[in-house]
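Student: What follows is a structure written as structure tokens; I'll ask about it next.
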Amino acid sequence: GLVMENPEAVKAVSMALLRGEAVGVHDPFGLLQGALPEDRVQPLDPGARPLEGGPAAGVWVDDICVDLPAPILVLRPASLAAGLGCNRGTPAAEMRELLAGALDSHGLAAASVGVLASVDLKADEAGLGALARQLGLPLRLFSRHDLNRVGEVPNPSAAARRHIGVHSVCEAAALLATDNGTLVVTKQKSRNATVAIARRSFSSWASARGTPTT
């Protein structure tokens, strides 16, 4: 389920393993656990460069974008959910630009967005459906009851409460789609749309994989 961002780096990692060398690994979610020989794995320092005391090759498993040397294989987990709210008739292009801007300004990888989320009243919203199809992502729709069960959010919406009876759409939907993860991008706005991005917690990943969290 990981998206390979730079497949050309696979050769460097494979050759290091064949030569019996250490491989640097950054994997905060533990998604590669058991996939690499434990005696070959070292913590990966993204600031280190080959031949500066660190391993010659490495694997970076994360949704954040950092400057990495070429021998580092970048794998993107589907750890992010984008919650979206929009006015009727909002085009997919506007929402896509808003989402891309939010990801870029916060140093997050687009390939790690695994799901879009909104309120179920938007089930027939053409632009939202088109955006999900363009990005090849599932669209999860939550009832107003479920959205209102989410606790306090950084940016509650008086307009959403007035028009559809919920205190939040984008922030609450993002949190629900990540099993009550963590908001990493609070509500951002364009003329007709809002977006917020949440990250799944480590315990959520571990539970999905059947891995103990302690």
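We name chains A, B, ... following the order of the structure tokens; residues begin at 1 in each chain, and ligands are numbered from 1 as shown.
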I want to know what sits within 7 Å of His26 (chain A), based on only C-alpha atoms, with residues of the same chain fewer than 6 positions away left out; could you give that as a PyMOL selection string?
Tutor: chain A and resi 43-44+59-61
Student: Which polymer residues have any atom within 9 Å of an atom of Pro91 (chain A), counting only C-alpha atoms, with same-chain residues fewer than 5 positions away left out, as number ranges by chain?
Tutor: A: 96, 126-128, 130-131, 192
Student: Which residues are near region 133-147 of chain A? Cut-off 10 Å, only C-alpha atoms, ignore same chain within fewer than 3 positions. Put them as a PyMOL selection string.
Tutor: chain A and resi 81-83+92-93+96+110-111+113-123+127-130+150-151+164-177
Student: Point out the residue among A:Asp67, A:Asp179, A:Ala57, A:Asn87 with the least atom-to-atom distance to His163 (chain A), counting only C-alpha atoms.
Tutor: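 Closest residue, counting only C-alpha atoms: A:Asn87.
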Student: Please identify all polymer residues within 9 Å of Leu103 (chain A), counting only C-alpha atoms, omitting same-chain residues fewer than 5 positions from it, and present them as a VMD selection string.
Tutor: chain A and resid 98 108 to 110 185 197
Student: Check region 10-127 of chain A with DSSP on the backbone and list each residue it calls helix (DSSP H, G or I), as a PyMOL selection string.
Tutor: chain A and resi 10-18+38-40+92-105+110-112+120-122+126-127
Student: For those residues, write C-alpha atoms to a file as a CSV table (one decimal), in the first residue's frame.
Tutor:
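The result, written out as out39.csv:
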chain,number,residue,atom,x,y,z
A,10,VAL,CA,15.4,0.8,-5.6
A,11,LYS,CA,18.7,-0.3,-7.1
A,12,ALA,CA,20.8,1.5,-4.5
A,13,VAL,CA,18.9,-0.1,-1.7
A,14,SER,CA,19.0,-3.6,-3.3
A,15,MET,CA,22.7,-3.4,-3.9
A,16,ALA,CA,23.4,-2.2,-0.4
A,17,LEU,CA,21.6,-5.3,1.0
A,18,LEU,CA,23.4,-7.6,-1.4
A,38,GLU,CA,17.0,-6.0,11.5
A,39,ASP,CA,20.8,-6.3,11.7
A,40,ARG,CA,21.1,-4.1,8.6
A,92,ALA,CA,-13.3,20.3,-9.2
A,93,ALA,CA,-10.5,22.5,-10.5
A,94,GLU,CA,-11.0,25.0,-7.6
A,95,MET,CA,-11.0,22.3,-5.0
A,96,ARG,CA,-8.0,20.6,-6.5
A,97,GLU,CA,-6.0,23.8,-6.5
A,98,LEU,CA,-6.9,24.5,-2.9
A,99,LEU,CA,-5.9,21.0,-1.8
A,100,ALA,CA,-2.6,21.2,-3.8
A,101,GLY,CA,-1.8,24.5,-2.2
A,102,ALA,CA,-2.5,23.3,1.3
A,103,LEU,CA,-0.3,20.2,0.8
A,104,ASP,CA,2.6,22.2,-0.7
A,105,SER,CA,2.5,25.0,1.9
A,110,ALA,CA,0.2,14.5,-2.4
A,111,ALA,CA,0.7,10.8,-2.8
A,112,SER,CA,0.0,10.3,0.9
A,120,ASP,CA,-23.3,13.3,3.1
A,121,LEU,CA,-25.3,16.2,1.8
A,122,LYS,CA,-22.6,16.6,-0.8
A,126,ALA,CA,-20.5,17.0,-9.2
A,127,GLY,CA,-17.3,18.8,-8.6
Student: I need the residues of chain A that end up classed as strand (DSSP E) by DSSP on the backbone, written out as a PyMOL selection string.
Tutor: chain A and resi 3-4+23-26+41-43+57-61+72-76+80-86+113-119+139-142+182-189+193-199
Student: Given only C-alpha atoms as the basis, pick out the residue of A:Leu2, A:Leu84, A:Val41, A:Ala9 nearest to Asp63 (chain A).
Tutor: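 Closest candidate: A:Leu2.
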Student: Using only C-alpha atoms, which protein or nucleic acid residues come within 12 Å of Asp62 (chain A)? Drop anything in the same chain fewer than 6 positions from it, and give the result as number ranges by chain.
Tutor: A: 2-5, 25-32, 46, 73-80, 107-113, 199-200, 202
Student: Residues as selected, N, CA, C and O atoms, written as a short mmCIF file (atom, residue, chain, number, x, y, z; two decimals), in the first residue's frame, can you do that?
Tutor:
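So the final result, stored in out-v4.cif, reads:
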data_model
loop_
_atom_site.label_atom_id
_atom_site.label_comp_id
_atom_site.auth_asym_id
_atom_site.auth_seq_id
_atom_site.Cartn_x
_atom_site.Cartn_y
_atom_site.Cartn_z
N LEU A 2 2.13 1.17 -0.14
CA LEU A 2 2.99 2.34 -0.18
C LEU A 2 3.24 2.76 -1.63
O LEU A 2 3.42 1.92 -2.50
N VAL A 3 3.24 4.06 -1.87
CA VAL A 3 3.47 4.59 -3.22
C VAL A 3 4.96 4.90 -3.36
O VAL A 3 5.53 5.66 -2.58
N MET A 4 5.58 4.32 -4.37
CA MET A 4 7.01 4.53 -4.62
C MET A 4 7.20 5.82 -5.42
O MET A 4 6.73 5.94 -6.54
N GLU A 5 7.89 6.79 -4.81
CA GLU A 5 8.03 8.09 -5.44
C GLU A 5 9.20 8.16 -6.42
O GLU A 5 9.16 8.89 -7.40
N VAL A 25 16.86 3.74 7.60
CA VAL A 25 15.40 3.65 7.49
C VAL A 25 14.75 4.69 8.38
O VAL A 25 15.07 4.81 9.57
N HIS A 26 13.83 5.45 7.78
CA HIS A 26 12.95 6.36 8.51
C HIS A 26 11.55 5.86 8.29
O HIS A 26 11.02 5.91 7.18
N ASP A 27 10.91 5.35 9.35
CA ASP A 27 9.62 4.69 9.21
C ASP A 27 8.81 4.87 10.50
O ASP A 27 8.63 3.94 11.27
N PRO A 28 8.32 6.10 10.75
CA PRO A 28 7.65 6.37 12.02
C PRO A 28 6.38 5.57 12.25
O PRO A 28 5.96 5.38 13.40
N PHE A 29 5.75 5.08 11.20
CA PHE A 29 4.53 4.28 11.35
C PHE A 29 4.81 2.79 11.52
O PHE A 29 3.91 2.01 11.73
N GLY A 30 6.07 2.39 11.36
CA GLY A 30 6.42 0.98 11.49
C GLY A 30 5.88 0.10 10.38
O GLY A 30 5.66 -1.10 10.56
N LEU A 31 5.71 0.67 9.19
CA LEU A 31 5.10 -0.08 8.10
C LEU A 31 6.05 -1.08 7.44
O LEU A 31 5.61 -1.99 6.74
N LEU A 32 7.35 -0.91 7.65
CA LEU A 32 8.32 -1.85 7.07
C LEU A 32 8.78 -2.88 8.09
O LEU A 32 9.72 -3.63 7.82
N PRO A 46 18.04 12.43 7.69
CA PRO A 46 17.88 13.03 6.36
C PRO A 46 18.93 14.08 6.04
O PRO A 46 19.14 14.41 4.88
N LEU A 73 15.30 5.80 -1.05
CA LEU A 73 14.04 5.41 -1.66
C LEU A 73 12.89 6.02 -0.86
O LEU A 73 12.79 5.80 0.35
N VAL A 74 12.04 6.77 -1.52
CA VAL A 74 10.93 7.45 -0.85
C VAL A 74 9.63 6.67 -1.08
O VAL A 74 9.22 6.47 -2.23
N LEU A 75 9.04 6.22 0.01
CA LEU A 75 7.77 5.50 -0.04
C LEU A 75 6.72 6.30 0.71
O LEU A 75 6.94 6.73 1.85
N ARG A 76 5.58 6.50 0.09
CA ARG A 76 4.53 7.32 0.68
C ARG A 76 3.38 6.46 1.20
O ARG A 76 2.71 5.76 0.43
N PRO A 77 3.12 6.53 2.51
CA PRO A 77 1.95 5.82 3.05
C PRO A 77 0.68 6.64 2.84
O PRO A 77 0.73 7.87 2.75
N ALA A 78 -0.44 5.97 2.77
CA ALA A 78 -1.73 6.68 2.63
C ALA A 78 -2.20 7.12 4.01
O ALA A 78 -3.23 6.68 4.52
N SER A 79 -1.44 8.01 4.62
CA SER A 79 -1.66 8.40 6.01
C SER A 79 -2.51 9.64 6.19
O SER A 79 -2.87 10.00 7.31
N LEU A 80 -2.84 10.33 5.10
CA LEU A 80 -3.54 11.60 5.17
C LEU A 80 -4.96 11.51 4.62
O LEU A 80 -5.22 10.77 3.66
N GLY A 107 4.35 21.22 3.35
CA GLY A 107 5.37 20.21 3.11
C GLY A 107 4.87 18.79 3.18
O GLY A 107 5.57 17.90 3.67
N LEU A 108 3.65 18.55 2.67
CA LEU A 108 3.06 17.22 2.71
C LEU A 108 2.98 16.64 1.31
O LEU A 108 2.77 17.36 0.32
N ALA A 109 3.12 15.33 1.22
CA ALA A 109 3.15 14.65 -0.08
C ALA A 109 1.74 14.37 -0.58
O ALA A 109 0.92 13.77 0.13
N ALA A 110 1.47 14.76 -1.80
CA ALA A 110 0.16 14.50 -2.40
C ALA A 110 -0.12 13.01 -2.48
O ALA A 110 -1.27 12.57 -2.34
N ALA A 111 0.93 12.21 -2.70
CA ALA A 111 0.75 10.77 -2.82
C ALA A 111 0.31 10.12 -1.51
O ALA A 111 -0.11 8.95 -1.51
N SER A 112 0.42 10.83 -0.39
CA SER A 112 0.00 10.26 0.90
C SER A 112 -1.45 10.56 1.24
O SER A 112 -1.94 10.11 2.27
N VAL A 113 -2.14 11.31 0.40
CA VAL A 113 -3.57 11.52 0.61
C VAL A 113 -4.29 10.25 0.15
O VAL A 113 -4.28 9.90 -1.03
N ARG A 199 -3.95 13.49 9.81
CA ARG A 199 -3.05 12.34 9.69
C ARG A 199 -3.51 11.23 10.63
O ARG A 199 -3.85 11.49 11.79
N ARG A 200 -3.48 10.03 10.14
CA ARG A 200 -3.78 8.88 10.98
C ARG A 200 -2.74 8.73 12.07
O ARG A 200 -1.56 9.03 11.87
N PHE A 202 -0.36 6.63 14.88
CA PHE A 202 0.39 5.38 14.84
C PHE A 202 -0.46 4.22 15.32
O PHE A 202 -0.45 3.14 14.74
#
Student: CA of Asn6 (chain A) and CA of Gly20 (chain A) are how many Å apart?
Tutor: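 Distance reported for this atom pair: 22.7 Å.
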Student: In Å, how far is it from CA of Asp45 (chain A) to CA of Leu68 (chain A)?
Tutor: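 Computing it gives 9.5 Å between the two atoms.
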Student: When you draw a straight line from CA of Ala198 (chain A) to CA of Leu36 (chain A), how long is it in Å?
Tutor: 28.8 Å
